$ cat final22.txt   # compact mmCIF, C-alpha atoms
# COMPACT_ATOMS: atom_id res chain seq x y z
CA MET H 1 56.45 -1.97 8.75
CA ARG H 2 53.00 -3.56 9.14
CA ASN H 3 51.78 -0.34 10.73
CA PHE H 4 52.75 1.64 7.61
CA VAL H 5 51.01 -0.91 5.38
CA SER H 6 47.85 -0.66 7.51
CA ILE H 7 47.92 3.13 7.32
CA ILE H 8 48.24 3.11 3.53
CA MET H 9 45.48 0.54 3.04
CA SER H 10 43.01 2.13 5.46
CA ALA H 11 43.62 5.71 4.37
CA ASN H 12 42.07 7.54 1.47
CA PRO H 13 42.20 5.26 -1.61
CA ASP H 14 44.10 7.99 -3.43
CA THR H 15 46.98 7.66 -0.94
CA MET H 16 48.37 4.55 -2.63
CA GLU H 17 48.17 6.22 -6.02
CA GLU H 18 49.84 9.37 -4.68
CA LYS H 19 52.68 7.34 -3.16
CA LEU H 20 53.18 5.41 -6.41
CA ALA H 21 53.19 8.62 -8.44
CA SER H 22 55.61 10.28 -6.05
CA GLU H 23 58.06 7.44 -5.48
CA LEU H 24 58.02 5.95 -8.98
CA ARG H 25 57.48 9.22 -10.85
CA LEU H 26 54.32 7.93 -12.48
CA SER H 27 51.60 10.20 -13.79
CA SER H 28 48.41 10.29 -11.80
CA LEU H 29 46.63 8.24 -14.48
CA GLN H 30 49.43 5.68 -14.64
CA ALA H 31 49.15 5.21 -10.87
CA LYS H 32 45.34 5.00 -11.01
CA ILE H 33 45.36 2.41 -13.79
CA PHE H 34 48.08 0.37 -12.11
CA VAL H 35 46.17 0.24 -8.80
CA LEU H 36 42.88 -0.48 -10.61
CA VAL H 37 44.31 -3.52 -12.39
CA VAL H 38 46.12 -4.73 -9.26
CA LYS H 39 42.86 -4.57 -7.30
CA LYS H 40 40.47 -5.90 -9.97
CA GLY H 41 42.62 -8.21 -12.06
CA LYS H 42 43.11 -8.57 -15.80
CA MET H 43 41.35 -5.81 -17.70
CA SER H 44 40.79 -4.51 -21.17
CA ALA H 45 41.60 -0.95 -22.13
CA ARG H 46 37.85 -0.42 -22.54
CA ASP H 47 37.18 -1.51 -18.93
CA MET H 48 39.96 0.74 -17.63
CA ALA H 49 38.53 3.65 -19.59
CA GLU H 50 35.03 3.06 -18.25
CA ASN H 51 36.28 2.79 -14.65
CA LEU H 52 38.27 6.03 -14.85
CA CYS H 53 36.12 8.05 -17.27
CA ILE H 54 38.87 8.41 -19.86
CA THR H 55 39.00 7.39 -23.51
CA GLU H 56 39.87 3.86 -24.51
CA ALA H 57 42.82 5.24 -26.50
CA GLU H 58 44.16 6.97 -23.37
CA ALA H 59 43.77 3.78 -21.34
CA LYS H 60 45.57 1.74 -23.99
CA GLN H 61 48.42 4.27 -24.20
CA ILE H 62 48.83 4.34 -20.42
CA ALA H 63 48.66 0.53 -20.15
CA GLN H 64 51.37 0.31 -22.81
CA SER H 65 53.51 2.77 -20.86
CA LEU H 66 53.09 0.57 -17.78
CA ILE H 67 54.33 -2.41 -19.81
CA ASP H 68 57.38 -0.34 -20.78
CA LEU H 69 57.91 0.56 -17.11
CA GLY H 70 57.75 -3.08 -15.99
CA GLY H 71 54.41 -3.02 -14.18
CA PHE H 72 52.10 -4.69 -16.70
CA ILE H 73 52.13 -7.50 -19.20
CA ASP H 74 49.83 -7.65 -22.19
CA ILE H 75 47.66 -10.74 -22.29
CA THR H 76 46.13 -9.91 -25.69
CA LYS H 77 46.23 -6.81 -27.89
CA THR H 78 43.58 -5.21 -25.68
CA GLU H 79 43.89 -6.96 -22.29
CA TYR H 80 46.45 -6.13 -19.63
CA GLU H 81 47.51 -7.65 -16.34
CA SER H 82 49.76 -6.50 -13.56
CA THR H 83 52.70 -8.61 -12.58
CA HIS H 84 52.81 -9.44 -8.88
CA PRO H 85 53.14 -6.16 -6.92
CA ARG H 86 56.44 -7.18 -5.32
CA PHE H 87 57.94 -7.50 -8.80
CA ALA H 88 55.96 -4.76 -10.54
CA VAL H 89 56.68 -1.99 -8.05
CA VAL H 90 60.36 -2.86 -7.74
CA ASN H 91 60.67 -3.12 -11.54
CA MET H 92 59.09 0.30 -11.97
CA TYR H 93 61.33 1.73 -9.24
CA ARG H 94 64.44 0.24 -10.86
CA ARG H 95 63.51 1.69 -14.25
CA MET H 96 62.79 5.07 -12.67
CA CYS H 97 66.27 5.00 -11.10
CA GLU H 98 67.78 4.23 -14.51
CA ARG H 99 65.83 7.05 -16.18
CA GLU H 100 66.71 9.54 -13.46
CA LYS H 101 70.32 8.29 -13.30
CA ILE H 102 70.17 7.73 -9.56
CA PRO H 103 71.61 4.70 -7.79
CA PHE H 104 69.19 1.82 -7.35
CA LYS H 105 69.09 0.84 -3.69
CA LYS H 106 66.61 -0.46 -1.15
CA ASN H 107 63.70 1.92 -0.63
CA LEU H 108 61.49 1.02 2.33
CA LEU H 109 58.57 3.10 1.10
CA VAL H 110 58.64 1.30 -2.26
CA ASP H 111 58.87 -2.06 -0.48
CA ASN H 112 55.93 -1.14 1.77
CA ILE H 113 53.81 -0.05 -1.18
CA SER H 114 54.41 -3.42 -2.85
CA ILE H 115 53.52 -5.24 0.39
CA ALA H 116 50.33 -3.20 0.78
CA LEU H 117 49.25 -4.13 -2.76
CA GLU H 118 49.81 -7.87 -2.27
CA LYS H 119 46.53 -8.68 -0.52
CA PRO H 120 44.25 -6.86 -2.99
CA TYR H 121 46.25 -8.43 -5.84
CA ASP H 122 45.82 -11.93 -4.39
CA ASP H 123 42.15 -11.33 -3.52
CA ALA H 124 41.35 -10.28 -7.10
CA ARG H 125 42.92 -13.44 -8.49
CA THR H 126 41.49 -16.00 -6.06
CA LYS H 127 37.78 -15.19 -6.32

$ encode --input "final22.txt" --output "C-alpha cells"
Amino acid sequence: MRNFVSIIMSANPDTMEEKLASELRLSSLQAKIFVLVVKKGKMSARDMAENLCITEAEAKQIAQSLIDLGGFIDITKTEYESTHPRFAVVNMYRRMCEREKIPFKKNLLVDNISIALEKPYDDARTK
C-alpha cells in the first residue's frame, strides 16, 4: 500500500487528479480544485480561479459542487476548505456510488488516494 502511495505522490502531479476524476467521477476541474485546496489550505473562489486560470464564477460553482459531493465545506460565502482527505474522498466515493446506483464497498484505490493526500493536507495546515 505504501508503495502505491509513493508512486502517486512522486508521479506527475496530474496523476492524483486523474485518479480522483476516474474513481469518483469528478470533472477534471473538480479534481484540480479539490487537490489545490487540499494542498494549499482554505481558499477563496478568487484564489482558486487565479491558480487555475478560470473565472471566479466557475471556481465558485465548482467549489459549491464539491460541497454537494461531500469534499468541501464553506467557511464563508467566498472561502472554501476541504474536509480531511480520509473523510472527503470516502464521502465523495459514497455519494458517487449512490448516484451511480452501485453498491458502496471498500475500494483500495480510493483508500490509497485519501492516504496519499493526508500529508499535503496536514502540511498545508501546520505551517

$ residues_near_point --input "final22.txt" --point "(61.6, 1.2, -6.6)" --cutoff "8 Å" --atoms "all atoms listed in the file" --output "VMD selection string"
chain H and resid 23 to 24 89 to 97 104 106 to 107 110 to 111

$ atom_distance --input "final22.txt" --atom1 "atom CA of H:Leu66" --atom2 "atom CA of H:Phe34"
7.6 Å

$ closest_residue --input "final22.txt" --among "H:Ile73, H:Met48, H:Ser22, H:His84" --to "H:Ala116" --atoms "only C-alpha atoms"
H:His84

$ residues_around --input "final22.txt" --residues "H:Leu52" --least-positions-apart "2" --cutoff "12 Å" --atoms "only C-alpha atoms" --output "ChimeraX atom specification"
/H:28-37,45-50,54-56,58-59

$ atom_distance --input "final22.txt" --atom1 "atom CA of H:Phe87" --atom2 "atom CA of H:Phe72"
10.2 Å

$ atom_distance --input "final22.txt" --atom1 "atom CA of H:Ala57" --atom2 "atom CA of H:Ser27"
16.2 Å

$ closest_residue --input "final22.txt" --among "H:Leu109, H:Ala124, H:Ala88, H:Val38" --to "H:Lys19" --atoms "all atoms listed in the file"
H:Leu109

$ decode --input "final22.txt" --residues "stretch 2-127 of chain H" --atoms "C-alpha atoms" --output "compact mmCIF listing (two decimals), in the first residue's frame"
# COMPACT_ATOMS: atom_id res chain seq x y z
CA ARG H 2 2.75 2.49 0.88
CA ASN H 3 4.39 1.73 -2.47
CA PHE H 4 1.22 2.79 -4.32
CA VAL H 5 1.02 5.99 -2.27
CA SER H 6 4.66 6.78 -3.07
CA ILE H 7 4.06 6.20 -6.77
CA ILE H 8 1.04 8.52 -6.83
CA MET H 9 2.81 11.28 -4.90
CA SER H 10 6.06 11.15 -6.87
CA ALA H 11 4.46 10.82 -10.28
CA ASN H 12 3.15 13.57 -12.50
CA PRO H 13 1.04 15.94 -10.35
CA ASP H 14 -1.87 15.33 -12.71
CA THR H 15 -1.91 11.65 -11.70
CA MET H 16 -3.75 12.33 -8.45
CA GLU H 17 -6.29 14.47 -10.24
CA GLU H 18 -6.76 11.81 -12.94
CA LYS H 19 -7.32 9.10 -10.31
CA LEU H 20 -9.83 11.27 -8.45
CA ALA H 21 -11.69 12.07 -11.66
CA SER H 22 -11.72 8.43 -12.71
CA GLU H 23 -12.61 6.78 -9.41
CA LEU H 24 -15.01 9.43 -8.09
CA ARG H 25 -16.39 10.51 -11.47
CA LEU H 26 -15.34 14.10 -10.91
CA SER H 27 -14.76 16.54 -13.73
CA SER H 28 -11.17 17.47 -14.40
CA LEU H 29 -11.74 20.92 -12.85
CA GLN H 30 -13.43 19.46 -9.78
CA ALA H 31 -10.42 17.21 -9.24
CA LYS H 32 -7.96 20.07 -9.82
CA ILE H 33 -9.74 22.39 -7.37
CA PHE H 34 -10.08 19.65 -4.77
CA VAL H 35 -6.35 18.82 -4.90
CA LEU H 36 -5.42 22.52 -4.94
CA VAL H 37 -7.35 23.23 -1.73
CA VAL H 38 -6.12 20.03 -0.07
CA LYS H 39 -2.51 21.02 -0.81
CA LYS H 40 -2.75 24.77 -0.10
CA GLY H 41 -5.46 25.04 2.52
CA LYS H 42 -8.51 27.27 2.83
CA MET H 43 -9.05 29.33 -0.29
CA SER H 44 -11.38 31.85 -1.81
CA ALA H 45 -13.02 31.29 -5.17
CA ARG H 46 -10.89 34.17 -6.46
CA ASP H 47 -7.66 32.40 -5.40
CA MET H 48 -8.80 29.14 -6.98
CA ALA H 49 -9.61 30.98 -10.19
CA GLU H 50 -6.23 32.69 -10.28
CA ASN H 51 -4.37 29.42 -9.63
CA LEU H 52 -6.20 27.56 -12.40
CA CYS H 53 -6.78 30.38 -14.91
CA ILE H 54 -10.56 30.08 -14.79
CA THR H 55 -13.23 32.62 -13.91
CA GLU H 56 -14.16 33.29 -10.31
CA ALA H 57 -17.75 32.28 -11.13
CA GLU H 58 -16.51 28.90 -12.44
CA ALA H 59 -14.40 28.37 -9.33
CA LYS H 60 -17.33 29.22 -7.06
CA GLN H 61 -19.66 26.87 -8.96
CA ILE H 62 -17.15 24.02 -8.81
CA ALA H 63 -16.42 24.63 -5.11
CA GLN H 64 -20.16 24.52 -4.43
CA SER H 65 -20.43 21.23 -6.34
CA LEU H 66 -17.63 19.84 -4.16
CA ILE H 67 -19.62 20.84 -1.07
CA ASP H 68 -22.59 18.94 -2.51
CA LEU H 69 -20.34 15.93 -3.14
CA GLY H 70 -19.01 15.93 0.44
CA GLY H 71 -15.45 17.09 -0.24
CA PHE H 72 -15.59 20.75 0.83
CA ILE H 73 -17.14 22.90 3.49
CA ASP H 74 -17.81 26.59 3.07
CA ILE H 75 -16.10 28.76 5.64
CA THR H 76 -17.68 32.00 4.39
CA LYS H 77 -19.71 32.86 1.29
CA THR H 78 -16.49 33.01 -0.72
CA GLU H 79 -14.00 30.80 1.17
CA TYR H 80 -13.83 27.03 0.98
CA GLU H 81 -11.94 24.32 2.81
CA SER H 82 -11.51 20.63 2.24
CA THR H 83 -12.52 18.22 4.94
CA HIS H 84 -9.76 15.80 5.92
CA PRO H 85 -8.90 13.67 2.85
CA ARG H 86 -9.81 10.40 4.58
CA PHE H 87 -13.33 11.72 5.06
CA ALA H 88 -13.61 13.83 1.91
CA VAL H 89 -12.55 11.16 -0.56
CA VAL H 90 -14.68 8.46 1.05
CA ASN H 91 -17.66 10.84 1.23
CA MET H 92 -17.30 11.66 -2.45
CA TYR H 93 -16.93 7.97 -3.29
CA ARG H 94 -20.04 7.09 -1.26
CA ARG H 95 -22.08 9.79 -3.00
CA MET H 96 -20.81 8.65 -6.39
CA CYS H 97 -21.96 5.10 -5.56
CA GLU H 98 -25.40 6.45 -4.62
CA ARG H 99 -25.64 8.49 -7.84
CA GLU H 100 -24.50 5.58 -10.00
CA LYS H 101 -26.64 3.10 -8.04
CA ILE H 102 -23.72 0.79 -7.38
CA PRO H 103 -23.04 -0.90 -4.06
CA PHE H 104 -20.79 1.03 -1.72
CA LYS H 105 -17.91 -1.19 -0.64
CA LYS H 106 -14.24 -0.89 0.22
CA ASN H 107 -12.18 0.43 -2.68
CA LEU H 108 -8.43 0.18 -2.14
CA LEU H 109 -7.62 2.75 -4.81
CA VAL H 110 -9.95 5.28 -3.17
CA ASP H 111 -8.42 4.49 0.24
CA ASN H 112 -4.89 4.93 -1.17
CA ILE H 113 -5.79 8.25 -2.78
CA SER H 114 -7.05 9.53 0.58
CA ILE H 115 -3.86 8.31 2.30
CA ALA H 116 -1.68 9.98 -0.34
CA LEU H 117 -3.46 13.30 0.22
CA GLU H 118 -3.07 13.23 4.02
CA LYS H 119 0.50 14.54 4.21
CA PRO H 120 -0.01 17.52 1.87
CA TYR H 121 -3.27 18.28 3.71
CA ASP H 122 -1.53 18.23 7.10
CA ASP H 123 1.49 20.17 5.80
CA ALA H 124 -0.73 22.97 4.48
CA ARG H 125 -2.46 23.33 7.83
CA THR H 126 0.57 23.17 10.13
CA LYS H 127 2.76 25.86 8.58
